[in-house]
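Enquirer: Next up, data-v4.txt (compact mmCIF, C-alpha atoms).
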# COMPACT_ATOMS: atom_id res chain seq x y z
CA MET A 1 16.57 -25.94 22.65
CA PRO A 2 18.13 -25.95 19.16
CA TYR A 3 16.70 -27.39 15.98
CA PRO A 4 15.48 -30.13 15.46
CA GLU A 5 13.93 -30.23 18.95
CA ILE A 6 12.00 -26.96 18.39
CA ARG A 7 9.70 -27.15 15.39
CA PRO A 8 7.11 -24.35 15.27
CA ARG A 9 5.71 -25.89 12.09
CA ARG A 10 4.03 -28.58 14.19
CA LEU A 11 1.32 -26.01 14.95
CA ARG A 12 0.80 -25.29 11.26
CA ARG A 13 0.57 -28.85 9.96
CA ASN A 14 -3.08 -28.72 8.91
CA ALA A 15 -6.15 -26.52 8.96
CA ALA A 16 -7.51 -28.03 12.18
CA VAL A 17 -4.33 -27.32 14.13
CA ARG A 18 -4.02 -23.83 12.68
CA ARG A 19 -7.62 -23.10 13.65
CA LEU A 20 -7.04 -24.42 17.17
CA VAL A 21 -4.08 -22.11 17.85
CA SER A 22 -5.31 -19.05 15.97
CA GLU A 23 -4.56 -15.97 18.07
CA THR A 24 -6.93 -13.55 16.34
CA ARG A 25 -10.43 -14.24 15.08
CA VAL A 26 -12.96 -11.96 13.47
CA ASP A 27 -16.48 -12.61 14.65
CA PRO A 28 -19.46 -11.59 12.47
CA ALA A 29 -20.97 -9.84 15.49
CA GLU A 30 -18.00 -7.45 15.43
CA LEU A 31 -18.71 -6.26 11.88
CA VAL A 32 -20.79 -3.22 10.92
CA VAL A 33 -21.95 -2.57 7.35
CA PRO A 34 -22.29 0.99 6.03
CA MET A 35 -25.42 1.46 3.91
CA PHE A 36 -26.48 4.36 1.71
CA VAL A 37 -30.08 5.34 1.04
CA LYS A 38 -30.91 7.87 -1.66
CA GLU A 39 -34.04 9.96 -1.58
CA GLY A 40 -36.44 9.32 -4.45
CA LEU A 41 -34.91 6.11 -5.79
CA ALA A 42 -37.40 3.53 -7.00
CA GLU A 43 -34.73 0.83 -7.41
CA PRO A 44 -31.27 0.41 -5.87
CA ARG A 45 -28.39 1.88 -7.87
CA GLN A 46 -24.86 0.49 -8.22
CA ILE A 47 -22.03 2.81 -7.13
CA ALA A 48 -19.45 2.63 -9.92
CA SER A 49 -16.37 3.16 -7.74
CA LEU A 50 -17.61 0.73 -5.06
CA PRO A 51 -18.35 -2.54 -6.89
CA GLY A 52 -21.08 -4.47 -5.11
CA VAL A 53 -22.19 -1.50 -2.99
CA LEU A 54 -25.52 0.18 -3.65
CA GLN A 55 -27.35 3.40 -3.17
CA HIS A 56 -30.53 1.92 -1.75
CA SER A 57 -34.13 2.83 -2.19
CA ARG A 58 -36.16 2.75 1.00
CA ASP A 59 -37.57 -0.66 0.06
CA SER A 60 -34.23 -2.20 -0.84
CA LEU A 61 -32.67 -0.77 2.33
CA ARG A 62 -35.20 -2.64 4.46
CA LYS A 63 -34.45 -5.87 2.62
CA ALA A 64 -30.70 -5.33 2.97
CA ALA A 65 -31.10 -4.71 6.69
CA VAL A 66 -32.88 -8.05 7.09
CA GLU A 67 -30.11 -9.78 5.12
CA ALA A 68 -27.52 -8.19 7.41
CA VAL A 69 -29.33 -9.47 10.48
CA GLN A 70 -29.56 -12.95 8.99
CA ALA A 71 -25.80 -12.89 8.39
CA GLY A 72 -25.29 -12.19 12.08
CA ILE A 73 -23.39 -8.92 11.78
CA GLY A 74 -23.26 -6.53 14.69
CA GLY A 75 -24.61 -3.33 13.20
CA ILE A 76 -25.66 -1.12 10.30
CA MET A 77 -24.32 2.41 9.81
CA LEU A 78 -26.76 4.53 7.78
CA PHE A 79 -25.89 7.39 5.44
CA GLY A 80 -28.49 9.51 3.67
CA VAL A 81 -28.27 10.99 0.18
CA PRO A 82 -30.84 13.79 -0.13
CA ALA A 83 -32.47 15.01 -3.32
CA GLU A 84 -31.72 18.62 -2.40
CA ARG A 85 -29.05 20.33 -0.33
CA ASP A 86 -28.65 23.76 1.20
CA ALA A 87 -25.96 25.79 2.94
CA THR A 88 -27.01 24.69 6.43
CA GLY A 89 -27.65 21.00 5.77
CA SER A 90 -31.22 21.34 7.01
CA GLY A 91 -32.18 17.97 5.52
CA GLY A 92 -30.13 16.26 8.19
CA ILE A 93 -32.24 17.82 10.93
CA ASP A 94 -35.63 17.56 9.23
CA PRO A 95 -37.60 14.66 10.80
CA ASN A 96 -38.77 13.82 7.28
CA GLY A 97 -35.29 14.02 5.78
CA ILE A 98 -34.06 10.88 4.08
CA LEU A 99 -31.67 9.77 6.84
CA ASN A 100 -34.22 10.11 9.62
CA VAL A 101 -36.85 8.36 7.52
CA ALA A 102 -34.36 5.57 6.80
CA ILE A 103 -33.63 5.16 10.51
CA ARG A 104 -37.33 4.70 11.20
CA ASP A 105 -37.63 2.22 8.32
CA VAL A 106 -34.71 0.07 9.47
CA VAL A 107 -35.65 0.12 13.15
CA ALA A 108 -39.21 -0.84 12.23
CA GLU A 109 -37.86 -3.72 10.11
CA VAL A 110 -35.20 -5.22 12.40
CA GLY A 111 -35.86 -3.70 15.84
CA ASP A 112 -33.11 -4.62 18.29
CA ALA A 113 -31.83 -7.58 16.27
CA THR A 114 -28.81 -5.50 15.29
CA VAL A 115 -27.42 -2.11 16.29
CA VAL A 116 -28.82 0.63 14.08
CA MET A 117 -26.28 3.45 13.81
CA SER A 118 -26.40 6.73 11.93
CA ASP A 119 -23.81 9.12 10.60
CA LEU A 120 -24.12 12.39 12.48
CA CYS A 121 -22.58 14.90 10.12
CA LEU A 122 -23.74 17.62 7.75
CA ASP A 123 -21.53 16.86 4.75
CA GLU A 124 -24.11 14.75 2.93
CA PHE A 125 -26.69 17.52 3.35
CA THR A 126 -24.76 20.74 2.63
CA SER A 127 -24.55 22.33 -0.78
CA HIS A 128 -20.84 23.03 -0.20
CA GLY A 129 -20.03 19.51 1.04
CA HIS A 130 -18.32 20.51 4.27
CA CYS A 131 -19.07 18.85 7.60
CA GLY A 132 -20.20 22.08 9.20
CA LEU A 133 -21.67 25.52 8.75
CA LEU A 134 -19.51 28.10 7.01
CA THR A 135 -18.40 31.54 8.10
CA PRO A 136 -18.71 34.45 5.63
CA ASP A 137 -15.08 33.93 4.57
CA GLY A 138 -15.68 30.23 3.81
CA GLY A 139 -14.18 28.67 6.93
CA VAL A 140 -16.01 26.06 9.00
CA ASP A 141 -17.63 27.60 12.08
CA ASN A 142 -16.98 25.08 14.86
CA ASP A 143 -19.45 26.33 17.48
CA ALA A 144 -22.31 27.07 15.11
CA THR A 145 -21.84 23.57 13.73
CA LEU A 146 -22.09 22.09 17.22
CA ARG A 147 -25.54 23.60 17.63
CA ALA A 148 -26.62 21.93 14.39
CA TYR A 149 -25.13 18.61 15.54
CA ALA A 150 -27.14 18.81 18.75
CA GLU A 151 -30.36 19.18 16.76
CA MET A 152 -29.36 16.44 14.37
CA ALA A 153 -28.59 14.05 17.22
CA VAL A 154 -32.00 14.57 18.77
CA ALA A 155 -33.72 14.12 15.40
CA GLN A 156 -31.93 10.81 14.85
CA ALA A 157 -32.70 9.64 18.37
CA ASP A 158 -36.36 10.61 17.92
CA ALA A 159 -36.34 8.43 14.80
CA GLY A 160 -35.26 5.47 16.93
CA VAL A 161 -31.53 5.11 16.28
CA HIS A 162 -29.54 3.06 18.79
CA MET A 163 -26.19 4.81 18.30
CA VAL A 164 -25.12 8.08 16.71
CA GLY A 165 -21.74 8.58 15.05
CA PRO A 166 -20.57 12.21 15.18
CA SER A 167 -17.98 12.23 12.39
CA GLY A 168 -17.34 15.88 11.61
CA MET A 169 -14.23 16.32 13.79
CA MET A 170 -15.53 19.51 15.40
CA ASP A 171 -13.97 20.37 18.76
CA GLY A 172 -16.40 19.51 21.54
CA GLN A 173 -18.83 17.57 19.35
CA VAL A 174 -19.15 14.53 21.62
CA GLY A 175 -19.95 16.57 24.73
CA VAL A 176 -22.53 18.69 22.92
CA VAL A 177 -24.21 15.62 21.39
CA ARG A 178 -24.23 13.77 24.72
CA ARG A 179 -25.83 16.70 26.56
CA ALA A 180 -28.42 17.22 23.83
CA LEU A 181 -29.43 13.57 23.86
CA ASP A 182 -29.70 13.49 27.64
CA ALA A 183 -31.72 16.71 27.77
CA ALA A 184 -34.17 15.26 25.23
CA GLY A 185 -34.66 12.08 27.25
CA HIS A 186 -32.45 9.88 25.06
CA GLN A 187 -30.00 8.78 27.73
CA ASP A 188 -29.90 5.26 26.28
CA VAL A 189 -28.72 6.35 22.82
CA ALA A 190 -25.00 5.62 22.61
CA VAL A 191 -22.29 7.76 21.01
CA LEU A 192 -19.71 6.22 18.68
CA ALA A 193 -17.15 9.01 18.40
CA TYR A 194 -15.17 9.34 15.19
CA ALA A 195 -12.36 10.35 17.50
CA VAL A 196 -9.54 9.82 15.01
CA LYS A 197 -10.45 10.80 11.46
CA TYR A 198 -7.63 11.64 9.13
CA ALA A 199 -7.72 13.97 6.13
CA SER A 200 -7.19 10.94 3.94
CA ALA A 201 -7.00 10.34 0.20
CA PHE A 202 -8.82 7.03 0.72
CA TYR A 203 -12.32 8.56 0.89
CA GLY A 204 -12.86 9.12 -2.84
CA PRO A 205 -15.39 6.37 -3.60
CA PHE A 206 -17.42 7.30 -0.52
CA ARG A 207 -17.84 10.78 -1.91
CA ASP A 208 -19.25 9.21 -5.06
CA ALA A 209 -21.64 7.19 -2.92
CA VAL A 210 -23.06 10.26 -1.17
CA GLU A 211 -22.74 12.46 -4.29
CA SER A 212 -20.61 14.89 -2.32
CA ALA A 213 -20.60 18.54 -3.33
CA LEU A 214 -17.34 19.22 -1.50
CA GLU A 215 -15.53 22.42 -2.42
CA GLY A 216 -11.91 22.48 -1.29
CA ASP A 217 -10.73 20.05 1.38
CA ARG A 218 -11.24 19.24 5.07
CA ARG A 219 -7.71 19.67 6.37
CA THR A 220 -8.67 22.39 8.85
CA TYR A 221 -10.74 19.92 10.87
CA GLN A 222 -9.73 16.38 9.90
CA GLN A 223 -6.34 15.25 11.17
CA ASP A 224 -2.91 15.33 9.56
CA PRO A 225 -1.96 11.77 8.48
CA ALA A 226 1.52 12.37 9.92
CA ASN A 227 0.30 12.72 13.51
CA LEU A 228 -0.17 10.04 16.16
CA ARG A 229 0.10 11.92 19.46
CA GLU A 230 -2.59 14.30 18.27
CA SER A 231 -4.89 11.31 17.74
CA LEU A 232 -4.42 10.13 21.30
CA ARG A 233 -5.28 13.59 22.55
CA GLU A 234 -8.47 13.61 20.47
CA VAL A 235 -9.43 10.21 21.87
CA GLU A 236 -8.79 11.32 25.44
CA LEU A 237 -11.00 14.37 24.95
CA ASP A 238 -13.84 12.36 23.39
CA VAL A 239 -13.83 9.78 26.18
CA ALA A 240 -13.85 12.59 28.75
CA GLU A 241 -16.83 14.15 26.95
CA GLY A 242 -18.83 10.92 27.20
CA ALA A 243 -18.05 8.79 24.16
CA ASP A 244 -19.24 5.22 24.63
CA MET A 245 -16.95 3.97 21.85
CA VAL A 246 -14.19 5.55 19.77
CA MET A 247 -13.23 4.96 16.16
CA VAL A 248 -10.16 5.30 13.94
CA LYS A 249 -10.71 6.11 10.26
CA PRO A 250 -9.25 4.91 7.86
CA ALA A 251 -8.11 1.52 9.13
CA LEU A 252 -5.36 -0.22 7.16
CA PRO A 253 -3.00 2.75 6.69
CA TYR A 254 -3.35 3.53 10.42
CA LEU A 255 -3.03 0.17 12.19
CA ASP A 256 -0.35 1.69 14.43
CA VAL A 257 -2.90 4.30 15.51
CA VAL A 258 -5.53 1.60 16.16
CA ALA A 259 -3.06 -0.22 18.40
CA ALA A 260 -2.09 2.96 20.26
CA VAL A 261 -5.73 3.92 20.83
CA ARG A 262 -6.55 0.41 22.08
CA ALA A 263 -3.72 0.69 24.61
CA ALA A 264 -4.84 4.13 25.75
CA VAL A 265 -8.56 3.64 26.51
CA ASP A 266 -10.89 1.20 28.21
CA VAL A 267 -13.92 1.79 25.97
CA PRO A 268 -14.54 -0.31 22.84
CA VAL A 269 -12.39 0.68 19.85
CA ALA A 270 -13.72 0.58 16.29
CA ALA A 271 -11.99 1.08 12.95
CA TYR A 272 -13.56 2.00 9.62
CA GLN A 273 -12.21 0.14 6.59
CA VAL A 274 -13.03 2.99 4.23
CA SER A 275 -14.16 3.06 0.63
CA GLY A 276 -10.70 3.44 -0.90
CA GLU A 277 -9.40 0.41 0.99
CA TYR A 278 -12.32 -1.65 -0.27
CA ALA A 279 -12.13 -0.33 -3.84
CA MET A 280 -8.41 -1.09 -4.20
CA VAL A 281 -8.94 -4.74 -3.32
CA GLU A 282 -11.98 -5.04 -5.56
CA ALA A 283 -10.11 -3.49 -8.49
CA ALA A 284 -7.06 -5.73 -8.06
CA ALA A 285 -9.27 -8.80 -7.72
CA ALA A 286 -11.26 -7.87 -10.83
CA ASN A 287 -7.96 -7.86 -12.74
CA GLY A 288 -7.07 -11.29 -11.41
CA TRP A 289 -4.06 -10.00 -9.49
CA ILE A 290 -5.11 -11.18 -6.02
CA ASP A 291 -7.39 -13.74 -4.36
CA ARG A 292 -10.33 -11.55 -3.40
CA GLU A 293 -11.80 -13.60 -0.54
CA ARG A 294 -8.45 -14.33 1.09
CA VAL A 295 -7.39 -10.68 0.92
CA MET A 296 -10.77 -9.58 2.27
CA LEU A 297 -10.44 -11.77 5.36
CA GLU A 298 -6.73 -11.03 5.76
CA THR A 299 -7.36 -7.29 5.90
CA LEU A 300 -10.14 -7.71 8.45
CA THR A 301 -7.94 -9.96 10.57
CA SER A 302 -5.14 -7.40 10.52
CA ILE A 303 -7.49 -4.67 11.76
CA ARG A 304 -8.78 -6.95 14.50
CA ARG A 305 -5.23 -7.96 15.45
CA ALA A 306 -4.24 -4.29 15.78
CA GLY A 307 -6.88 -3.92 18.48
CA ALA A 308 -10.16 -2.88 16.86
CA GLN A 309 -13.01 -4.75 18.50
CA ILE A 310 -15.51 -3.44 15.93
CA ILE A 311 -14.88 -3.05 12.21
CA LEU A 312 -16.97 -1.02 9.78
CA THR A 313 -16.54 -2.58 6.36
CA TYR A 314 -18.46 -2.76 3.10
CA TRP A 315 -17.71 -6.49 3.11
CA ALA A 316 -19.47 -7.06 6.44
CA VAL A 317 -22.32 -9.27 5.20
CA GLU A 318 -20.21 -11.31 2.79
CA ALA A 319 -17.36 -11.62 5.27
CA ALA A 320 -19.77 -12.81 7.98
CA GLN A 321 -21.01 -15.55 5.67
CA LEU A 322 -17.45 -16.64 4.87
CA LEU A 323 -16.44 -16.61 8.53
CA ARG A 324 -19.35 -18.83 9.44
CA GLN A 325 -18.15 -21.35 6.87
CA ARG A 326 -14.60 -21.15 8.23
CA TYR A 327 -15.43 -21.53 11.93
Now, as a test, write the supplied structure out as structure tokens.
Expert:
Amino acid sequence: MPYPEIRPRRLRRNAAVRRLVSETRVDPAELVVPMFVKEGLAEPRQIASLPGVLQHSRDSLRKAAVEAVQAGIGGIMLFGVPAERDATGSGGIDPNGILNVAIRDVVAEVGDATVVMSDLCLDEFTSHGHCGLLTPDGGVDNDATLRAYAEMAVAQADAGVHMVGPSGMMDGQVGVVRRALDAAGHQDVAVLAYAVKYASAFYGPFRDAVESALEGDRRTYQQDPANLRESLREVELDVAEGADMVMVKPALPYLDVVAAVRAAVDVPVAAYQVSGEYAMVEAAAANGWIDRERVMLETLTSIRRAGAQIILTYWAVEAAQLLRQRY
């Protein structure tokens, strides 16, 4: 039927109608907040390149975890910042290392009220900043790294974590972690596979947050931003190895990849709205160039619309509060 019989604007006439016919909604329970805890801090510390995001002390981390639960978000992803690092990242395996201690703290504080997740990678703990152990010529040794990941997974599970997130992009990491967890009696600990992790320029503020000591780059193990088919192959391998969920990282520059992954698998799909994505919006908003809250929610909606059921975002707690007001 021609105009004026067809008037799509009827379904946009006011907020109530728009809310009624909304095709995509972000639910607070689908949001996961990354949190950083730094060994030895007495008080939380602001991260300069991530406005509003903190390096937590153990005490402030517990309080922040309670706030996250009260906001109704789905999970907390923990990252540890150790006081000392070494070539093998031994602090990530040490039961008394900062990340494993933080897992115990948060689980003791919030129990099963939210999903407690942990980054399973060596980069925060190595003196060279790479995600794995190095060969004598400076390359990353895939198989030696897998053995370290297996130990790290068990240490995190022993600390009480609900879900581990192997993020190092080593070949075979999901299968090795799954077998190690099962052999140690942790069959109920889930694996969120960083199945698609690009060698992105958007990670800069995160590296400030974890005080990364990275030398060189990670292009020999993280993926080429130009490749999509390669991502689908990585996802297929991780699901076959036992991943309970898969994740795409970063999110906004790779919404086409999120959509392709969603179409390819029948496990939950997550996307990580990384530090650079967050920092760009915060910087533009601080200059008065954009409406911060509207852009925040618009970006999250776009990631959800692309097919991500779960979104890791530094805005998780604030966004959950705004969404509750909206709906």
Enquirer: Quick one: pull the distance between CA of Ala102 in chain A and CA of Ala83 in chain A, Å, one decimal.
Expert: 14.0 Å
Enquirer: Counting only C-alpha atoms, which of A:Glu5, A:Glu241, A:Asp266, A:Asp171 gets nearest to Tyr221 in chain A?
Expert: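 With only C-alpha atoms as the atom set, the closest residue is A:Asp171.
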Enquirer: Between A:Asp27, A:Asp112, A:Ala213, A:Val161, single out the one closest to Gly89 in chain A, counting all atoms listed in the file.
Expert: A:Ala213
Enquirer: Which one is closest to Leu214 in chain A: A:Leu31, A:Leu122, A:Val164, A:Leu54? Count all atoms listed in the file.
Expert: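 Using all atoms listed in the file, the shortest distance to Leu214 in chain A belongs to A:Leu122.
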Enquirer: Could you work out how far CA of Val53 in chain A lies from CA of Tyr149 in chain A, giving the answer in Å with one decimal?
Expert: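 Result for CA of Tyr149 in chain A versus CA of Val53 in chain A: 27.5 Å, one decimal.
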Enquirer: Given only C-alpha atoms as the basis, pick out the residue of A:Val116, A:Gln55, A:Ala108, A:Leu134 nearest to Ala87 in chain A.
Expert: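 The shortest atom-to-atom distance to Ala87 in chain A comes from A:Leu134.
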Enquirer: Using only C-alpha atoms, give me every residue within 8 Å of (-20.7, -12.1, 16.4) in file coordinates, as JSON, numbers by chain.
Expert: {"A": [27, 28, 29, 30, 31, 72, 73, 74]}
Enquirer: When distances are computed from all atoms listed in the file, which of A:Ser302, A:Gln187, A:Ser22, A:Ser231 shows the smallest separation from Met163 in chain A?
Expert: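 Nearest to Met163 in chain A: A:Gln187.
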Enquirer: Any idea what's packed within 8 Å of Leu78 in chain A, counting all atoms listed in the file, ignoring anything in its chain fewer than 2 positions away? Could you give it as a PDB file with C-alpha atoms, keeping the file's coordinate frame?
Expert:
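The new file selection-v9.pdb reads:
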ATOM      1  CA  PRO A  34     -22.290   0.990   6.030  1.00  0.00           C
ATOM      2  CA  MET A  35     -25.420   1.460   3.910  1.00  0.00           C
ATOM      3  CA  PHE A  36     -26.480   4.360   1.710  1.00  0.00           C
ATOM      4  CA  VAL A  37     -30.080   5.340   1.040  1.00  0.00           C
ATOM      5  CA  ILE A  76     -25.660  -1.120  10.300  1.00  0.00           C
ATOM      6  CA  GLY A  80     -28.490   9.510   3.670  1.00  0.00           C
ATOM      7  CA  LEU A  99     -31.670   9.770   6.840  1.00  0.00           C
ATOM      8  CA  ALA A 102     -34.360   5.570   6.800  1.00  0.00           C
ATOM      9  CA  ILE A 103     -33.630   5.160  10.510  1.00  0.00           C
ATOM     10  CA  VAL A 116     -28.820   0.630  14.080  1.00  0.00           C
ATOM     11  CA  MET A 117     -26.280   3.450  13.810  1.00  0.00           C
ATOM     12  CA  SER A 118     -26.400   6.730  11.930  1.00  0.00           C
ATOM     13  CA  ASP A 119     -23.810   9.120  10.600  1.00  0.00           C
TER      14      ASP A 119
END
Enquirer: Identify the residues within 10 Å of coordinate (-28.1, -9.6, 8.0) (same frame as the file), considering all atoms listed in the file, and give the answer as a ChimeraX atom specification.
Expert: /A:28,33,63-76,110,113-114,316-318,320-321
Enquirer: For each of A:Ala209, A:Leu322, A:Val274, A:Val267, take the minimum atom-to-atom distance to Ala308 in chain A, counting all atoms listed in the file, then give the residue where this is smallest.
Expert: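 So, comparing all the options, the nearest one is A:Val267.
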Enquirer: Hey, could you pull the box centre and edge lengths for range 169-185 of chain A, axis-aligned, 6 Å padding per side, all listed atoms, to one decimal in Å, as AutoDock Vina command-line options?
Expert:
--center_x -24.3 --center_y 16.2 --center_z 20.8 --size_x 32.7 --size_y 20.3 --size_z 26.0
Enquirer: Which residues are close to range 194-196 of chain A, i.e. within 10 Å by only C-alpha atoms, leaving aside same-chain residues fewer than 6 positions away? Reply as an NGL selection string.
Expert: :A and (119-120 or 165-170 or 173-174 or 222-223 or 228 or 230-239 or 243 or 245-250 or 254 or 257-258 or 261 or 269-272)
Enquirer: Using C-alpha atoms, can you write the selected residues to a file as an mmCIF file, keeping the file's coordinate frame?
Expert:
data_model
loop_
_atom_site.group_PDB
_atom_site.id
_atom_site.type_symbol
_atom_site.label_atom_id
_atom_site.label_comp_id
_atom_site.auth_asym_id
_atom_site.auth_seq_id
_atom_site.Cartn_x
_atom_site.Cartn_y
_atom_site.Cartn_z
ATOM 1 C CA ASP A 119 -23.810 9.120 10.600
ATOM 2 C CA LEU A 120 -24.120 12.390 12.480
ATOM 3 C CA GLY A 165 -21.740 8.580 15.050
ATOM 4 C CA PRO A 166 -20.570 12.210 15.180
ATOM 5 C CA SER A 167 -17.980 12.230 12.390
ATOM 6 C CA GLY A 168 -17.340 15.880 11.610
ATOM 7 C CA MET A 169 -14.230 16.320 13.790
ATOM 8 C CA MET A 170 -15.530 19.510 15.400
ATOM 9 C CA GLN A 173 -18.830 17.570 19.350
ATOM 10 C CA VAL A 174 -19.150 14.530 21.620
ATOM 11 C CA GLN A 222 -9.730 16.380 9.900
ATOM 12 C CA GLN A 223 -6.340 15.250 11.170
ATOM 13 C CA LEU A 228 -0.170 10.040 16.160
ATOM 14 C CA GLU A 230 -2.590 14.300 18.270
ATOM 15 C CA SER A 231 -4.890 11.310 17.740
ATOM 16 C CA LEU A 232 -4.420 10.130 21.300
ATOM 17 C CA ARG A 233 -5.280 13.590 22.550
ATOM 18 C CA GLU A 234 -8.470 13.610 20.470
ATOM 19 C CA VAL A 235 -9.430 10.210 21.870
ATOM 20 C CA GLU A 236 -8.790 11.320 25.440
ATOM 21 C CA LEU A 237 -11.000 14.370 24.950
ATOM 22 C CA ASP A 238 -13.840 12.360 23.390
ATOM 23 C CA VAL A 239 -13.830 9.780 26.180
ATOM 24 C CA ALA A 243 -18.050 8.790 24.160
ATOM 25 C CA MET A 245 -16.950 3.970 21.850
ATOM 26 C CA VAL A 246 -14.190 5.550 19.770
ATOM 27 C CA MET A 247 -13.230 4.960 16.160
ATOM 28 C CA VAL A 248 -10.160 5.300 13.940
ATOM 29 C CA LYS A 249 -10.710 6.110 10.260
ATOM 30 C CA PRO A 250 -9.250 4.910 7.860
ATOM 31 C CA TYR A 254 -3.350 3.530 10.420
ATOM 32 C CA VAL A 257 -2.900 4.300 15.510
ATOM 33 C CA VAL A 258 -5.530 1.600 16.160
ATOM 34 C CA VAL A 261 -5.730 3.920 20.830
ATOM 35 C CA VAL A 269 -12.390 0.680 19.850
ATOM 36 C CA ALA A 270 -13.720 0.580 16.290
ATOM 37 C CA ALA A 271 -11.990 1.080 12.950
ATOM 38 C CA TYR A 272 -13.560 2.000 9.620
#
Enquirer: Write out as a ChimeraX atom specification which residues come within 10 Å of Asp94 in chain A when counting all atoms listed in the file, dropping same-chain ones fewer than 3 positions away.
Expert: /A:89-91,97-101,151-152,155-156
